[in-house]
$ cat work-v9.tsv   # TSV, C-alpha atoms
chain	number	residue	atom	x	y	z
A	178	MET	CA	163.16	-81.00	-44.79
A	179	HIS	CA	164.01	-82.43	-48.16
A	180	GLY	CA	161.34	-81.87	-50.82
A	181	ARG	CA	159.37	-79.46	-48.65
A	182	LYS	CA	157.10	-77.08	-50.55
A	183	PRO	CA	157.19	-73.34	-49.86
A	184	GLU	CA	154.54	-72.12	-47.46
A	185	ASP	CA	152.39	-69.14	-48.40
A	186	ARG	CA	152.07	-66.71	-45.53
A	187	TRP	CA	152.27	-63.11	-44.52
A	188	LEU	CA	155.66	-61.85	-43.47
A	189	GLN	CA	156.22	-61.33	-39.78
A	190	ALA	CA	157.92	-58.27	-38.35
A	191	ASP	CA	160.79	-60.42	-37.13
A	192	ASP	CA	161.39	-62.37	-40.36
A	193	VAL	CA	165.13	-62.59	-40.85
A	194	GLN	CA	166.90	-61.60	-44.04
A	195	ALA	CA	163.97	-59.47	-45.20
A	196	SER	CA	164.52	-57.79	-48.54
A	197	PRO	CA	163.23	-54.36	-49.58
A	198	ALA	CA	160.26	-56.12	-51.19
A	199	ASP	CA	159.38	-57.36	-47.69
A	200	ALA	CA	158.87	-53.85	-46.31
A	201	MET	CA	156.13	-53.28	-43.81
A	202	ILE	CA	153.30	-50.77	-43.68
A	203	HIS	CA	153.33	-49.39	-40.13
A	204	VAL	CA	150.04	-48.08	-38.75
A	205	SER	CA	149.88	-45.64	-35.85
A	206	SER	CA	147.70	-43.17	-34.02
A	207	LEU	CA	148.76	-39.53	-33.90
A	208	SER	CA	149.81	-39.75	-30.25
A	209	ARG	CA	152.16	-42.69	-30.94
A	210	LEU	CA	153.46	-41.35	-34.27
A	211	ARG	CA	156.76	-39.93	-33.00
A	212	ASP	CA	157.59	-43.13	-31.10
A	213	VAL	CA	157.07	-45.25	-34.20
A	214	ALA	CA	158.90	-42.79	-36.47
A	215	THR	CA	161.91	-42.77	-34.13
A	216	GLN	CA	162.10	-46.57	-34.24
A	217	LEU	CA	161.93	-46.61	-38.04
A	218	GLY	CA	164.54	-43.99	-38.85
A	219	SER	CA	163.92	-43.65	-42.60
A	220	PHE	CA	160.29	-43.89	-43.78
A	221	ASP	CA	157.59	-42.56	-46.08
A	222	LEU	CA	154.65	-40.94	-44.27
A	223	LEU	CA	150.93	-40.83	-45.04
A	224	THR	CA	148.97	-38.48	-42.76
A	225	MET	CA	145.15	-38.52	-42.69
A	226	LEU	CA	143.56	-36.08	-40.25
A	227	SER	CA	140.37	-34.07	-40.13
A	228	PRO	CA	140.58	-30.60	-41.69
A	229	GLY	CA	142.18	-28.13	-39.28
A	230	SER	CA	143.07	-30.71	-36.66
A	231	ALA	CA	146.51	-31.19	-35.20
A	232	ILE	CA	148.19	-28.42	-37.18
A	233	GLY	CA	151.92	-29.01	-36.98
A	234	ALA	CA	151.50	-32.55	-35.65
A	235	THR	CA	154.22	-33.87	-37.95
A	236	ASP	CA	156.62	-30.94	-37.50
A	237	GLY	CA	160.13	-32.17	-36.82
A	238	LEU	CA	159.61	-35.54	-38.50
A	239	ARG	CA	161.81	-36.12	-41.53
A	240	PRO	CA	160.11	-38.60	-43.84
A	241	GLU	CA	161.59	-39.29	-47.25
A	242	ARG	CA	158.15	-38.54	-48.75
A	243	HIS	CA	155.03	-37.17	-47.05
A	244	LEU	CA	151.41	-37.03	-48.21
A	245	HIS	CA	148.94	-35.17	-45.97
A	246	LEU	CA	145.24	-35.71	-46.73
A	247	SER	CA	142.48	-33.86	-44.86
A	248	PHE	CA	139.08	-35.51	-44.47
A	249	HIS	CA	136.83	-36.77	-41.69
A	250	ASP	CA	136.43	-40.38	-40.65
A	251	ILE	CA	132.87	-40.80	-41.92
A	252	VAL	CA	131.15	-43.20	-44.31
A	253	GLU	CA	128.11	-41.11	-45.28
A	254	ALA	CA	127.54	-37.42	-45.89
A	255	ARG	CA	127.15	-35.14	-42.87
A	256	PRO	CA	126.74	-31.36	-42.84
A	257	ASP	CA	130.04	-29.46	-42.61
A	258	LEU	CA	132.17	-32.63	-42.71
A	259	VAL	CA	134.48	-33.75	-45.53
A	260	MET	CA	133.92	-37.31	-46.72
A	261	PRO	CA	136.68	-39.46	-48.17
A	262	ASP	CA	136.10	-39.54	-51.92
A	263	ARG	CA	137.54	-41.10	-55.05
A	264	LYS	CA	140.22	-38.40	-55.30
A	265	VAL	CA	141.44	-39.14	-51.75
A	266	VAL	CA	141.62	-42.89	-52.36
A	267	GLU	CA	143.38	-42.42	-55.71
A	268	ALA	CA	145.96	-40.23	-53.93
A	269	ILE	CA	146.51	-43.00	-51.35
A	270	LEU	CA	146.92	-45.62	-54.07
A	271	ASP	CA	149.28	-43.41	-56.08
A	272	PHE	CA	151.39	-42.71	-52.98
A	273	GLY	CA	151.54	-46.44	-52.29
A	274	ARG	CA	152.48	-47.22	-55.89
A	275	ASP	CA	155.31	-44.68	-55.81
A	276	TRP	CA	156.65	-46.31	-52.63
A	277	THR	CA	159.71	-48.33	-53.62
A	278	ALA	CA	159.50	-50.33	-50.35
A	279	ASP	CA	163.21	-49.84	-49.73
A	280	ARG	CA	162.10	-48.23	-46.47
A	281	PRO	CA	158.98	-48.64	-44.33
A	282	MET	CA	155.69	-46.90	-45.02
A	283	LEU	CA	154.21	-45.16	-41.96
A	284	VAL	CA	150.48	-44.47	-42.09
A	285	HIS	CA	148.61	-42.59	-39.39
A	286	CYS	CA	145.32	-40.96	-38.59
A	287	TRP	CA	143.97	-39.61	-35.29
A	288	ALA	CA	143.24	-42.91	-33.51
A	289	GLY	CA	145.08	-45.45	-35.70
A	290	VAL	CA	141.90	-47.50	-36.08
A	291	SER	CA	139.81	-46.56	-39.12
A	292	ARG	CA	141.33	-44.28	-41.79
A	293	SER	CA	144.88	-45.56	-41.34
A	294	SER	CA	143.76	-49.21	-41.27
A	295	ALA	CA	141.77	-48.66	-44.45
A	296	ALA	CA	144.72	-46.98	-46.19
A	297	ALA	CA	147.12	-49.76	-45.19
A	298	TYR	CA	144.62	-52.38	-46.36
A	299	VAL	CA	143.98	-50.78	-49.75
A	300	MET	CA	147.71	-50.23	-50.42
A	301	ALA	CA	148.42	-53.87	-49.56
A	302	CYS	CA	145.48	-55.07	-51.68
A	303	ASP	CA	146.82	-53.06	-54.60
A	304	ARG	CA	150.16	-54.91	-54.31
A	305	ASN	CA	148.52	-58.32	-53.76
A	306	PRO	CA	145.73	-58.92	-56.30
A	307	GLY	CA	143.43	-61.78	-55.34
A	308	ARG	CA	144.44	-61.67	-51.66
A	309	ALA	CA	141.71	-59.37	-50.28
A	310	HIS	CA	140.32	-62.02	-47.92
A	311	ASP	CA	143.74	-63.25	-46.77
A	312	LEU	CA	144.82	-59.69	-46.13
A	313	ALA	CA	141.66	-58.85	-44.16
A	314	VAL	CA	142.19	-61.92	-41.97
A	315	GLU	CA	145.82	-60.91	-41.42
A	316	LEU	CA	144.74	-57.37	-40.59
A	317	ARG	CA	142.35	-58.69	-37.96
A	318	ARG	CA	145.04	-61.01	-36.53
A	319	ARG	CA	147.54	-58.17	-36.20
A	320	ALA	CA	145.06	-55.50	-35.06
A	321	PRO	CA	141.96	-56.90	-33.29
A	322	PHE	CA	140.72	-53.31	-32.88
A	323	ALA	CA	141.05	-52.23	-36.53
A	324	THR	CA	137.83	-51.09	-38.18
A	325	PRO	CA	138.81	-49.91	-41.66
A	326	ASN	CA	136.71	-47.05	-43.02
A	327	ARG	CA	134.17	-48.88	-45.19
A	328	LEU	CA	133.75	-46.04	-47.67
A	329	MET	CA	137.49	-45.87	-48.35
A	330	VAL	CA	137.56	-49.65	-48.89
A	331	ALA	CA	134.53	-49.52	-51.21
A	332	LEU	CA	136.05	-46.71	-53.27
A	333	ALA	CA	139.34	-48.60	-53.60
A	334	ASP	CA	137.50	-51.78	-54.55
A	335	GLY	CA	135.85	-49.90	-57.43
A	336	ILE	CA	139.06	-48.16	-58.54
A	337	LEU	CA	140.99	-51.46	-58.52
A	338	GLY	CA	138.17	-53.39	-60.21
A	339	ARG	CA	137.97	-56.00	-57.43
A	340	ASN	CA	134.23	-56.57	-57.93
A	341	GLY	CA	133.35	-56.36	-54.25
A	342	ALA	CA	136.06	-58.72	-52.98
A	343	MET	CA	137.62	-56.08	-50.73
A	344	ILE	CA	134.24	-54.93	-49.40
A	345	ASP	CA	133.19	-58.53	-48.66
A	346	ALA	CA	136.49	-59.32	-46.95
A	347	ILE	CA	136.22	-56.36	-44.58
A	348	GLU	CA	132.56	-57.20	-43.85
A	349	GLN	CA	133.56	-60.78	-43.02
A	350	ILE	CA	136.09	-59.75	-40.37
A	351	GLY	CA	133.54	-57.36	-38.85
A	352	ARG	CA	134.01	-54.40	-36.62
A	353	GLY	CA	137.10	-54.41	-34.45
A	354	ALA	CA	137.11	-54.31	-30.67
A	355	ASP	CA	136.03	-51.00	-29.18
A	356	ILE	CA	139.06	-48.96	-28.28
A	357	PHE	CA	139.78	-45.25	-27.90
A	358	GLU	CA	143.16	-45.46	-29.63
A	359	GLY	CA	144.83	-48.23	-31.58
A	360	ILE	CA	148.14	-49.84	-30.72
A	361	PRO	CA	150.75	-49.43	-33.48
A	362	TYR	CA	150.93	-52.48	-35.74
A	363	GLN	CA	152.48	-53.59	-39.01
A	364	LEU	CA	150.96	-55.01	-42.16
A	365	PRO	CA	153.22	-56.65	-44.76
A	366	ALA	CA	153.24	-55.05	-48.17
A	367	ARG	CA	153.66	-58.39	-49.99
A	368	TRP	CA	152.49	-61.96	-49.69
A	369	ARG	CA	155.30	-64.37	-50.42
A	370	ALA	CA	156.17	-68.03	-50.39
A	371	VAL	CA	158.47	-68.88	-47.50
A	372	GLY	CA	160.51	-72.01	-46.85

$ encode --input "work-v9.tsv" --output "structure tokens"
Amino acid sequence: MHGRKPEDRWLQADDVQASPADAMIHVSSLSRLRDVATQLGSFDLLTMLSPGSAIGATDGLRPERHLHLSFHDIVEARPDLVMPDRKVVEAILDFGRDWTADRPMLVHCWAGVSRSSAAAYVMACDRNPGRAHDLAVELRRRAPFATPNRLMVALADGILGRNGAMIDAIEQIGRGADIFEGIPYQLPARWRAVG
């Protein structure tokens, strides 16, 4: 239509003529990781598993870059378990910042529900200042089961200086639907005007 204003929205997986800046963050469980990786071809990979679990789980995959972080999916201290901390979240943010988005980012944890959803959310928030609420709503729309690790989100909120906006946004969407394992989904890395 003549004189139509661009529409702000999140990119869809099937958007045509997507540019490298339109790259997606793909989220997967460990059991679905190889299926998703095969579909992507070239990708960067962020692995988040509990210490000592699934040794060799990514053997045979050939990501362009790979960051493997070992910590448990907890939000408060427990004996003999490793909490996500500031160093872990800074590593996630740095890995996301070094991603040129000329290929997809593949993020996985054990179930594809909590740690991986939190990592995808914080990387996308880092690239989209002021869009914490919009991004949380989009996360819920794309993954009704996603329950991002609250501690990881809170740490990222502090590191990025978002003054609680990320924490509030995740609290507003609430806990995701109970599920043993998430279904792979995609989160856009950038918000853009379309149309």

$ residues_around --input "work-v9.tsv" --residues "range 234-244 of chain A" --least-positions-apart "5" --cutoff "7 Å" --atoms "all atoms listed in the file" --output "compact mmCIF listing (two decimals) with C-alpha atoms, in the coordinates of the input"
# COMPACT_ATOMS: atom_id res chain seq x y z
CA SER A 219 163.92 -43.65 -42.60
CA PHE A 220 160.29 -43.89 -43.78
CA ASP A 221 157.59 -42.56 -46.08
CA LEU A 222 154.65 -40.94 -44.27
CA LEU A 223 150.93 -40.83 -45.04
CA THR A 224 148.97 -38.48 -42.76

$ atom_distance --input "work-v9.tsv" --atom1 "CA of Ala214 in chain A" --atom2 "CA of Leu283 in chain A"
7.6 Å

$ residues_around --input "work-v9.tsv" --residues "range 264-268 of chain A" --least-positions-apart "5" --cutoff "8 Å" --atoms "only C-alpha atoms" --output "PyMOL selection string"
chain A and resi 246+329+332-333+336

$ residues_around --input "work-v9.tsv" --residues "range 250-254 of chain A" --least-positions-apart "6" --cutoff "9 Å" --atoms "all atoms listed in the file" --output "list in words"
Leu226, Ser227, Met260, Pro261, Ser291, Arg292, Asn326, Arg327, Leu328 and Met329 of chain A

$ residues_around --input "work-v9.tsv" --residues "Asp311 in chain A" --least-positions-apart "3" --cutoff "12 Å" --atoms "only C-alpha atoms" --output "list in words"
Asp185, Arg186, Trp187, Tyr298, Ala301, Cys302, Asn305, Pro306, Gly307, Arg308, Val314, Glu315, Leu316, Arg317, Arg318, Ala342, Met343, Asp345, Ala346, Ile347, Gln349, Ile350, Leu364, Pro365, Arg367 and Trp368 of chain A

$ write_last_selection --input "work-v9.tsv" --atoms "C-alpha atoms" --output "mmCIF file, in the coordinates of the input"
data_model
loop_
_atom_site.group_PDB
_atom_site.id
_atom_site.type_symbol
_atom_site.label_atom_id
_atom_site.label_comp_id
_atom_site.auth_asym_id
_atom_site.auth_seq_id
_atom_site.Cartn_x
_atom_site.Cartn_y
_atom_site.Cartn_z
ATOM 1 C CA ASP A 185 152.390 -69.140 -48.400
ATOM 2 C CA ARG A 186 152.070 -66.710 -45.530
ATOM 3 C CA TRP A 187 152.270 -63.110 -44.520
ATOM 4 C CA TYR A 298 144.620 -52.380 -46.360
ATOM 5 C CA ALA A 301 148.420 -53.870 -49.560
ATOM 6 C CA CYS A 302 145.480 -55.070 -51.680
ATOM 7 C CA ASN A 305 148.520 -58.320 -53.760
ATOM 8 C CA PRO A 306 145.730 -58.920 -56.300
ATOM 9 C CA GLY A 307 143.430 -61.780 -55.340
ATOM 10 C CA ARG A 308 144.440 -61.670 -51.660
ATOM 11 C CA VAL A 314 142.190 -61.920 -41.970
ATOM 12 C CA GLU A 315 145.820 -60.910 -41.420
ATOM 13 C CA LEU A 316 144.740 -57.370 -40.590
ATOM 14 C CA ARG A 317 142.350 -58.690 -37.960
ATOM 15 C CA ARG A 318 145.040 -61.010 -36.530
ATOM 16 C CA ALA A 342 136.060 -58.720 -52.980
ATOM 17 C CA MET A 343 137.620 -56.080 -50.730
ATOM 18 C CA ASP A 345 133.190 -58.530 -48.660
ATOM 19 C CA ALA A 346 136.490 -59.320 -46.950
ATOM 20 C CA ILE A 347 136.220 -56.360 -44.580
ATOM 21 C CA GLN A 349 133.560 -60.780 -43.020
ATOM 22 C CA ILE A 350 136.090 -59.750 -40.370
ATOM 23 C CA LEU A 364 150.960 -55.010 -42.160
ATOM 24 C CA PRO A 365 153.220 -56.650 -44.760
ATOM 25 C CA ARG A 367 153.660 -58.390 -49.990
ATOM 26 C CA TRP A 368 152.490 -61.960 -49.690
#

$ atom_distance --input "work-v9.tsv" --atom1 "CA of Ala278 in chain A" --atom2 "CA of Arg304 in chain A"
11.1 Å

$ atom_distance --input "work-v9.tsv" --atom1 "CA of Val204 in chain A" --atom2 "CA of Val299 in chain A"
12.8 Å

$ residues_around --input "work-v9.tsv" --residues "Arg209 in chain A" --least-positions-apart "4" --cutoff "10 Å" --atoms "only C-alpha atoms" --output "ChimeraX atom specification"
/A:204-205,213-214,285,287-289,358-361

$ closest_residue --input "work-v9.tsv" --among "A:Ala323, A:Met201, A:Ala331, A:Ala309" --to "Ser294 in chain A" --atoms "all atoms listed in the file"
A:Ala323

$ closest_residue --input "work-v9.tsv" --among "A:Ser208, A:Pro228, A:Val330, A:Phe357" --to "Asp262 in chain A" --atoms "all atoms listed in the file"
A:Val330
